[in-house]
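This is work19.pdb. It holds PDB, C-alpha atoms.
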```pdb
MODEL        1
ATOM      1  CA  MET A   1      10.613   2.521 -10.124
ATOM      2  CA  PRO A   2       7.109   3.173 -11.546
ATOM      3  CA  LEU A   3       6.112  -0.360 -10.558
ATOM      4  CA  LEU A   4       7.497   0.022  -7.038
ATOM      5  CA  GLY A   5       5.316   3.038  -6.197
ATOM      6  CA  ASP A   6       8.011   5.692  -6.625
ATOM      7  CA  GLU A   7       6.383   9.112  -6.172
ATOM      8  CA  GLY A   8       8.601  10.648  -8.849
ATOM      9  CA  HIS A   9       6.918   8.451 -11.456
ATOM     10  CA  LYS A  10       3.293   9.018 -10.407
ATOM     11  CA  GLU A  11       2.527  11.406 -13.269
ATOM     12  CA  MET A  12       3.999   8.910 -15.716
ATOM     13  CA  VAL A  13       1.805   6.099 -14.389
ATOM     14  CA  ASP A  14      -1.294   8.308 -14.466
ATOM     15  CA  CYS A  15      -0.529   9.468 -18.011
ATOM     16  CA  LEU A  16      -0.061   5.933 -19.343
ATOM     17  CA  LYS A  17      -3.372   4.909 -17.799
ATOM     18  CA  GLU A  18      -5.043   7.962 -19.342
ATOM     19  CA  ILE A  19      -3.715   7.061 -22.777
ATOM     20  CA  THR A  20      -4.833   3.439 -22.409
ATOM     21  CA  ALA A  21      -8.369   4.546 -21.548
ATOM     22  CA  SER A  22      -8.500   6.809 -24.612
ATOM     23  CA  ILE A  23      -7.567   4.247 -27.278
ATOM     24  CA  LYS A  24      -9.040   0.994 -28.542
ATOM     25  CA  LYS A  25      -7.489  -2.120 -27.041
ATOM     26  CA  PRO A  26      -4.914  -3.282 -29.595
ATOM     27  CA  SER A  27      -4.802  -6.713 -31.182
ATOM     28  CA  ALA A  28      -0.999  -6.710 -30.901
ATOM     29  CA  ILE A  29       1.738  -4.396 -29.659
ATOM     30  CA  ILE A  30       5.142  -3.517 -31.097
ATOM     31  CA  VAL A  31       7.572  -1.975 -28.626
ATOM     32  CA  VAL A  32      10.647  -0.105 -29.808
ATOM     33  CA  SER A  33      12.796  -0.133 -26.685
ATOM     34  CA  ALA A  34      15.647   2.209 -25.853
ATOM     35  CA  HIS A  35      17.245  -0.737 -24.047
ATOM     36  CA  TRP A  36      18.004  -2.924 -27.061
ATOM     37  CA  GLU A  37      20.511  -2.090 -29.785
ATOM     38  CA  GLU A  38      21.738  -4.334 -32.608
ATOM     39  CA  ASN A  39      23.814  -3.765 -35.723
ATOM     40  CA  ILE A  40      20.671  -4.325 -37.833
ATOM     41  CA  PRO A  41      16.993  -4.067 -36.857
ATOM     42  CA  THR A  42      16.135  -7.201 -34.909
ATOM     43  CA  ILE A  43      12.694  -8.490 -34.027
ATOM     44  CA  THR A  44      11.707 -10.876 -31.239
ATOM     45  CA  SER A  45      10.020 -13.914 -32.743
ATOM     46  CA  GLY A  46       9.675 -16.330 -29.833
ATOM     47  CA  SER A  47       6.232 -17.598 -28.930
ATOM     48  CA  ASN A  48       6.676 -16.890 -25.211
ATOM     49  CA  PRO A  49       9.687 -14.641 -24.621
ATOM     50  CA  PRO A  50      10.996 -14.529 -21.040
ATOM     51  CA  LEU A  51      11.607 -11.258 -19.228
ATOM     52  CA  ILE A  52      15.052  -9.670 -19.102
ATOM     53  CA  TYR A  53      15.752  -7.862 -15.828
ATOM     54  CA  ASP A  54      18.225  -5.484 -17.446
ATOM     55  CA  TYR A  55      18.900  -3.293 -14.412
ATOM     56  CA  TYR A  56      20.798  -3.586 -11.160
ATOM     57  CA  GLY A  57      20.705  -2.283  -7.603
ATOM     58  CA  PHE A  58      16.936  -2.424  -7.186
ATOM     59  CA  PRO A  59      14.911  -4.219  -4.472
ATOM     60  CA  GLU A  60      14.553  -7.982  -4.795
ATOM     61  CA  GLU A  61      10.897  -7.679  -5.751
ATOM     62  CA  SER A  62      11.884  -5.921  -8.971
ATOM     63  CA  TYR A  63      13.551  -9.165 -10.129
ATOM     64  CA  ASN A  64      10.402 -11.175  -9.502
ATOM     65  CA  ILE A  65       8.149  -9.112 -11.769
ATOM     66  CA  LYS A  66       6.083 -11.230 -14.158
ATOM     67  CA  TYR A  67       4.457 -10.262 -17.438
ATOM     68  CA  PRO A  68       3.601 -13.468 -19.308
ATOM     69  CA  CYS A  69       2.306 -11.961 -22.532
ATOM     70  CA  PRO A  70       2.723 -14.113 -25.652
ATOM     71  CA  GLY A  71       4.930 -13.237 -28.596
ATOM     72  CA  GLU A  72       3.500 -12.928 -32.089
ATOM     73  CA  GLN A  73       5.504 -14.823 -34.712
ATOM     74  CA  LEU A  74       3.330 -13.791 -37.682
ATOM     75  CA  LEU A  75       3.690 -10.110 -36.842
ATOM     76  CA  ALA A  76       7.447 -10.496 -36.346
ATOM     77  CA  SER A  77       7.760 -12.201 -39.740
ATOM     78  CA  ARG A  78       5.786  -9.450 -41.464
ATOM     79  CA  ILE A  79       8.009  -6.744 -39.937
ATOM     80  CA  HIS A  80      11.085  -8.680 -41.060
ATOM     81  CA  SER A  81       9.741  -9.096 -44.606
ATOM     82  CA  LEU A  82       8.850  -5.417 -44.933
ATOM     83  CA  LEU A  83      12.328  -4.325 -43.898
ATOM     84  CA  GLU A  84      14.054  -6.855 -46.137
ATOM     85  CA  ASN A  85      11.882  -5.943 -49.138
ATOM     86  CA  ALA A  86      12.768  -2.294 -48.579
ATOM     87  CA  GLY A  87      16.459  -3.132 -48.726
ATOM     88  CA  ILE A  88      17.142  -2.961 -44.985
ATOM     89  CA  ALA A  89      18.844  -6.067 -43.644
ATOM     90  CA  SER A  90      17.131  -7.312 -40.503
ATOM     91  CA  LYS A  91      16.816 -10.498 -38.488
ATOM     92  CA  LEU A  92      14.427 -12.469 -36.325
ATOM     93  CA  ASP A  93      15.502 -13.538 -32.840
ATOM     94  CA  ASP A  94      13.484 -16.365 -31.284
ATOM     95  CA  GLN A  95      15.655 -16.489 -28.151
ATOM     96  CA  ARG A  96      15.647 -12.930 -26.838
ATOM     97  CA  GLY A  97      13.253 -11.964 -24.084
ATOM     98  CA  PHE A  98      11.388  -8.740 -23.354
ATOM     99  CA  ASP A  99      13.362  -6.044 -21.515
ATOM    100  CA  HIS A 100      11.985  -3.506 -19.053
ATOM    101  CA  GLY A 101      11.329  -1.055 -21.874
ATOM    102  CA  LEU A 102       8.446  -3.362 -22.720
ATOM    103  CA  PHE A 103       7.195  -4.829 -19.484
ATOM    104  CA  VAL A 104       7.250  -1.698 -17.310
ATOM    105  CA  PRO A 105       4.833   0.379 -19.414
ATOM    106  CA  LEU A 106       2.702  -2.619 -20.336
ATOM    107  CA  ILE A 107       2.189  -3.756 -16.753
ATOM    108  CA  ILE A 108       0.763  -0.273 -16.173
ATOM    109  CA  MET A 109      -1.253  -0.101 -19.388
ATOM    110  CA  TYR A 110      -2.399  -3.699 -19.913
ATOM    111  CA  PRO A 111      -1.818  -5.601 -16.651
ATOM    112  CA  ASP A 112      -3.667  -8.725 -17.832
ATOM    113  CA  ALA A 113      -0.763  -9.519 -20.212
ATOM    114  CA  ASP A 114      -3.256 -10.856 -22.762
ATOM    115  CA  ILE A 115      -2.054  -8.930 -25.830
ATOM    116  CA  PRO A 116       0.627 -10.488 -28.086
ATOM    117  CA  CYS A 117       3.814  -8.421 -28.178
ATOM    118  CA  VAL A 118       6.844  -8.048 -30.405
ATOM    119  CA  GLN A 119       9.922  -6.021 -29.581
ATOM    120  CA  LEU A 120      11.958  -4.189 -32.226
ATOM    121  CA  SER A 121      15.540  -3.146 -31.571
ATOM    122  CA  LEU A 122      17.215   0.133 -32.275
ATOM    123  CA  VAL A 123      20.144   0.123 -34.687
ATOM    124  CA  ASN A 124      23.408   0.765 -32.876
ATOM    125  CA  SER A 125      24.491   3.377 -35.417
ATOM    126  CA  LEU A 126      21.948   5.581 -33.581
ATOM    127  CA  ASP A 127      21.333   7.368 -36.886
ATOM    128  CA  PRO A 128      18.094   9.361 -36.520
ATOM    129  CA  ALA A 129      17.342   9.320 -40.257
ATOM    130  CA  GLU A 130      17.636   5.538 -40.329
ATOM    131  CA  HIS A 131      15.128   5.192 -37.499
ATOM    132  CA  ILE A 132      12.639   7.496 -39.206
ATOM    133  CA  LYS A 133      13.038   5.385 -42.362
ATOM    134  CA  ILE A 134      12.359   2.185 -40.403
ATOM    135  CA  GLY A 135       9.135   3.769 -39.193
ATOM    136  CA  GLN A 136       8.161   4.801 -42.714
ATOM    137  CA  ILE A 137       8.627   1.231 -43.911
ATOM    138  CA  LEU A 138       6.349  -0.010 -41.126
ATOM    139  CA  GLN A 139       3.548   2.161 -42.535
ATOM    140  CA  ASP A 140       2.837  -0.748 -44.894
ATOM    141  CA  LEU A 141       2.500  -3.317 -42.131
ATOM    142  CA  ASP A 142      -0.486  -5.572 -42.876
ATOM    143  CA  TYR A 143      -1.891  -6.183 -39.405
ATOM    144  CA  GLU A 144      -5.070  -4.682 -38.043
ATOM    145  CA  ASN A 145      -5.232  -2.546 -34.899
ATOM    146  CA  ILE A 146      -1.557  -2.340 -33.950
ATOM    147  CA  LEU A 147      -0.226  -0.246 -31.080
ATOM    148  CA  VAL A 148       3.390   0.835 -31.516
ATOM    149  CA  ILE A 149       5.077   2.092 -28.356
ATOM    150  CA  GLY A 150       8.273   4.096 -28.560
ATOM    151  CA  SER A 151       9.575   3.209 -25.120
ATOM    152  CA  GLY A 152      12.166   5.858 -24.401
ATOM    153  CA  PHE A 153      12.222   9.172 -22.571
ATOM    154  CA  SER A 154      12.086  12.803 -23.693
ATOM    155  CA  PHE A 155      14.720  13.600 -21.031
ATOM    156  CA  HIS A 156      17.455  11.122 -20.164
ATOM    157  CA  ASN A 157      20.423  12.618 -18.338
ATOM    158  CA  MET A 158      20.959  10.182 -15.481
ATOM    159  CA  LYS A 159      23.335  12.454 -13.560
ATOM    160  CA  ALA A 160      20.849  15.314 -13.745
ATOM    161  CA  PHE A 161      18.028  13.160 -12.385
ATOM    162  CA  PHE A 162      19.845  12.738  -9.103
ATOM    163  CA  ALA A 163      21.610  16.095  -8.860
ATOM    164  CA  PRO A 164      20.071  19.163  -7.177
ATOM    165  CA  GLU A 165      18.087  21.168  -9.700
ATOM    166  CA  THR A 166      19.496  24.611 -10.506
ATOM    167  CA  SER A 167      17.960  27.459 -12.461
ATOM    168  CA  GLU A 168      20.386  26.625 -15.279
ATOM    169  CA  SER A 169      19.535  22.897 -15.420
ATOM    170  CA  LYS A 170      15.815  23.681 -15.251
ATOM    171  CA  ALA A 171      16.111  26.139 -18.124
ATOM    172  CA  MET A 172      18.018  23.613 -20.243
ATOM    173  CA  ASN A 173      15.457  20.892 -19.555
ATOM    174  CA  GLU A 174      12.571  23.192 -20.405
ATOM    175  CA  SER A 175      14.156  24.651 -23.545
ATOM    176  CA  PHE A 176      14.612  21.216 -25.122
ATOM    177  CA  GLU A 177      11.094  20.178 -24.133
ATOM    178  CA  LYS A 178       9.701  23.323 -25.746
ATOM    179  CA  TRP A 179      11.558  22.500 -28.956
ATOM    180  CA  LEU A 180      10.433  18.855 -28.941
ATOM    181  CA  LEU A 181       6.822  19.776 -28.269
ATOM    182  CA  ALA A 182       6.797  22.248 -31.162
ATOM    183  CA  THR A 183       8.520  19.758 -33.445
ATOM    184  CA  CYS A 184       5.980  17.012 -32.814
ATOM    185  CA  SER A 185       2.793  19.044 -32.512
ATOM    186  CA  SER A 186       3.003  22.231 -34.560
ATOM    187  CA  SER A 187       0.809  22.341 -37.657
ATOM    188  CA  ASP A 188       2.912  25.270 -38.889
ATOM    189  CA  ILE A 189       5.748  22.854 -39.678
ATOM    190  CA  ASP A 190       5.489  20.723 -42.827
ATOM    191  CA  GLU A 191       6.666  17.123 -42.803
ATOM    192  CA  GLU A 192       9.948  17.817 -44.578
ATOM    193  CA  GLU A 193      10.884  20.377 -41.947
ATOM    194  CA  ARG A 194       9.626  18.171 -39.106
ATOM    195  CA  SER A 195      11.726  15.279 -40.364
ATOM    196  CA  GLN A 196      14.792  17.479 -40.675
ATOM    197  CA  ARG A 197      14.338  18.855 -37.183
ATOM    198  CA  LEU A 198      14.232  15.337 -35.776
ATOM    199  CA  ILE A 199      17.177  14.209 -37.892
ATOM    200  CA  GLN A 200      19.189  17.214 -36.733
ATOM    201  CA  TRP A 201      17.947  17.054 -33.162
ATOM    202  CA  THR A 202      21.401  17.812 -31.737
ATOM    203  CA  LYS A 203      20.928  21.405 -32.946
ATOM    204  CA  ALA A 204      17.982  21.831 -30.580
ATOM    205  CA  PRO A 205      18.498  23.951 -27.449
ATOM    206  CA  SER A 206      20.358  21.990 -24.745
ATOM    207  CA  ALA A 207      20.019  18.779 -26.765
ATOM    208  CA  ARG A 208      23.100  17.087 -25.373
ATOM    209  CA  PHE A 209      22.300  18.090 -21.820
ATOM    210  CA  CYS A 210      18.947  16.335 -22.081
ATOM    211  CA  HIS A 211      20.342  13.418 -24.087
ATOM    212  CA  PRO A 212      24.058  12.796 -23.527
ATOM    213  CA  ARG A 213      23.409   9.647 -25.578
ATOM    214  CA  GLU A 214      20.437   9.513 -27.912
ATOM    215  CA  GLU A 215      19.122   5.966 -27.446
ATOM    216  CA  HIS A 216      16.191   7.156 -25.329
ATOM    217  CA  LEU A 217      15.087   9.676 -27.956
ATOM    218  CA  LEU A 218      15.217   7.432 -31.048
ATOM    219  CA  PRO A 219      12.094   5.343 -30.337
ATOM    220  CA  LEU A 220      10.219   8.608 -30.970
ATOM    221  CA  HIS A 221      11.802   8.807 -34.432
ATOM    222  CA  VAL A 222      10.437   5.372 -35.343
ATOM    223  CA  CYS A 223       6.946   6.340 -34.170
ATOM    224  CA  TYR A 224       7.089   9.599 -36.098
ATOM    225  CA  GLY A 225       8.243   7.730 -39.190
ATOM    226  CA  ILE A 226       5.137   5.533 -39.035
ATOM    227  CA  ALA A 227       2.727   8.448 -38.594
ATOM    228  CA  HIS A 228       4.604  11.123 -40.588
ATOM    229  CA  THR A 229       2.329  13.883 -39.342
ATOM    230  CA  THR A 230       1.683  16.033 -36.304
ATOM    231  CA  CYS A 231       0.854  14.115 -33.154
ATOM    232  CA  SER A 232      -2.813  13.673 -32.305
ATOM    233  CA  GLU A 233      -2.216  14.552 -28.648
ATOM    234  CA  PHE A 234       0.674  15.429 -26.392
ATOM    235  CA  PHE A 235       1.061  15.160 -22.643
ATOM    236  CA  GLU A 236       3.310  17.347 -20.498
ATOM    237  CA  LEU A 237       4.353  15.943 -17.156
ATOM    238  CA  ARG A 238       7.151  15.729 -14.629
ATOM    239  CA  ILE A 239       9.075  12.503 -14.131
ATOM    240  CA  LEU A 240      11.762  12.344 -11.445
ATOM    241  CA  ASN A 241      11.258  16.101 -11.127
ATOM    242  CA  LYS A 242      12.170  16.760 -14.758
ATOM    243  CA  LYS A 243       9.841  18.184 -17.355
ATOM    244  CA  SER A 244       8.969  15.412 -19.781
ATOM    245  CA  SER A 245       6.482  14.714 -22.532
ATOM    246  CA  MET A 246       4.614  11.910 -24.246
ATOM    247  CA  TYR A 247       3.177  11.925 -27.770
ATOM    248  CA  LEU A 248       0.240  10.000 -29.196
ATOM    249  CA  TRP A 249      -0.391   9.448 -32.891
ATOM    250  CA  GLN A 250      -3.628   7.799 -34.005
ATOM    251  CA  THR A 251      -3.434   6.947 -37.690
ATOM    252  CA  GLU A 252      -4.869   4.679 -40.331
ATOM    253  CA  CYS A 253      -1.983   2.872 -42.009
TER     254      CYS A 253
ENDMDL
END
```
If you convert what's in this file into structure tokens, what do you get?
Amino acid sequence: MPLLGDEGHKEMVDCLKEITASIKKPSAIIVVSAHWEENIPTITSGSNPPLIYDYYGFPEESYNIKYPCPGEQLLASRIHSLLENAGIASKLDDQRGFDHGLFVPLIIMYPDADIPCVQLSLVNSLDPAEHIKIGQILQDLDYENILVIGSGFSFHNMKAFFAPETSESKAMNESFEKWLLATCSSSDIDEEERSQRLIQWTKAPSARFCHPREEHLLPLHVCYGIAHTTCSEFFELRILNKKSSMYLWQTEC
């Protein structure tokens, strides 16, 4: 929908472009996509992964989208080695393509498709602590100037997106966003408390209304695990008429 000019995604498109303009062009990109789950962390390792059109019911043009960025086998191997050396079983997949969790934001951010990319799966246990730990392990990744994108959504209740907004649904949306914003940005919270808040995210106000299933939240946990500090910047916006947020960490790992 963002690539088809949908008005409900305009703020998202503008925000991604703003972020791109504010950071150095990366030498490679790792995308943790909400749209890929495996029983162990899995990393794309093909040299030229195809695109996966993992959606249905959209206009024909959405199935002709191209984003011919290369893969990055060395980076994939280093991620795999780090996880294995830390005692987390993982695997390389040289057959899987890139899903829309990768190519939608990157067409907006880096339309030339000239940056090597690797995609990292979620673990289908959907354990928040495990995803923070995966991020912490990636702190030791030996690769200069990496951009890691947690490609999810701070609000992901599909029924609510297309239902009339009520004062109750608006309040629930906004209460969770307020909690998430404080969790990621407040300097009054130490890292032990921040980690515990994210691990126990279901205790947040209206958590299960905003995330009936948590796969769209967990890419954030991986990104936080890498940075393990307050975000450098946050962005508040509306996507499909729901209050949403994006978080940017700029760190030296």
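Going from CA of Pro105 (chain A) to CA of Leu3 (chain A) covers 9.0 Å.
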Compile the contact shell of Asp127 (chain A) as a PyMOL selection string: residues with an atom at most 10 Å away, counting only C-alpha atoms, same-chain residues fewer than 2 positions apart removed.
chain A and resi 122-125+129-132+199+214-215+218+221
Practice task
For the file shown, report as a count of residues only the outcome of the PyMOL selection byres ((chain A and resi 116) around 10) at residue level.
Solution key: 19
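Residue nearest Ser195 (chain A), chosen from A:Tyr143, A:Tyr247, A:Gln136, A:Gly150 and counting only C-alpha atoms: A:Gln136.
Minimum distance to Cys210 (chain A) across A:Gln250, A:Asn173, A:Gln119, A:Ser167 (counting all atoms listed in the file) occurs at A:Asn173.
Take the candidates A:Gly46, A:Pro41, A:Pro59, A:Pro128 and check each one against Leu4 (chain A) using only C-alpha atoms; the shortest distance goes to A:Pro59.
Separating CA of His216 (chain A) from CA of Asn157 (chain A) is a distance of 9.8 Å.
Note on the selection: in this file the PyMOL selection byres ((chain A and resi 192) around 12) comes out as Ile132, Thr183, Asp188, Ile189, Asp190, Glu191, Glu193, Arg194, Ser195, Gln196, Arg197, Leu198, Ile199, Gly225, His228, Thr229 and Thr230 of chain A.
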Counting only C-alpha atoms, what is within 12 Å of Glu18 (chain A), bar same-chain residues fewer than 4 positions away, as a VMD selection string? chain A and resid 11 to 14 22 to 23 108 to 110 233 to 235 246 248
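For the atom pair formed by CA of Trp36 (chain A) and CA of Ser154 (chain A), the distance is 17.1 Å, given to one decimal.
Distances from A:Tyr63, A:Ile79, A:Phe58, A:Asp93 to Ser45 (chain A) were compared using all atoms listed in the file, and the smallest one belongs to A:Asp93.
Distance annotation: of A:Gly135, A:Pro212, A:Pro164, A:Pro205, the residue with the minimal separation from Phe176 (chain A) is A:Pro205; atom set is all atoms listed in the file.
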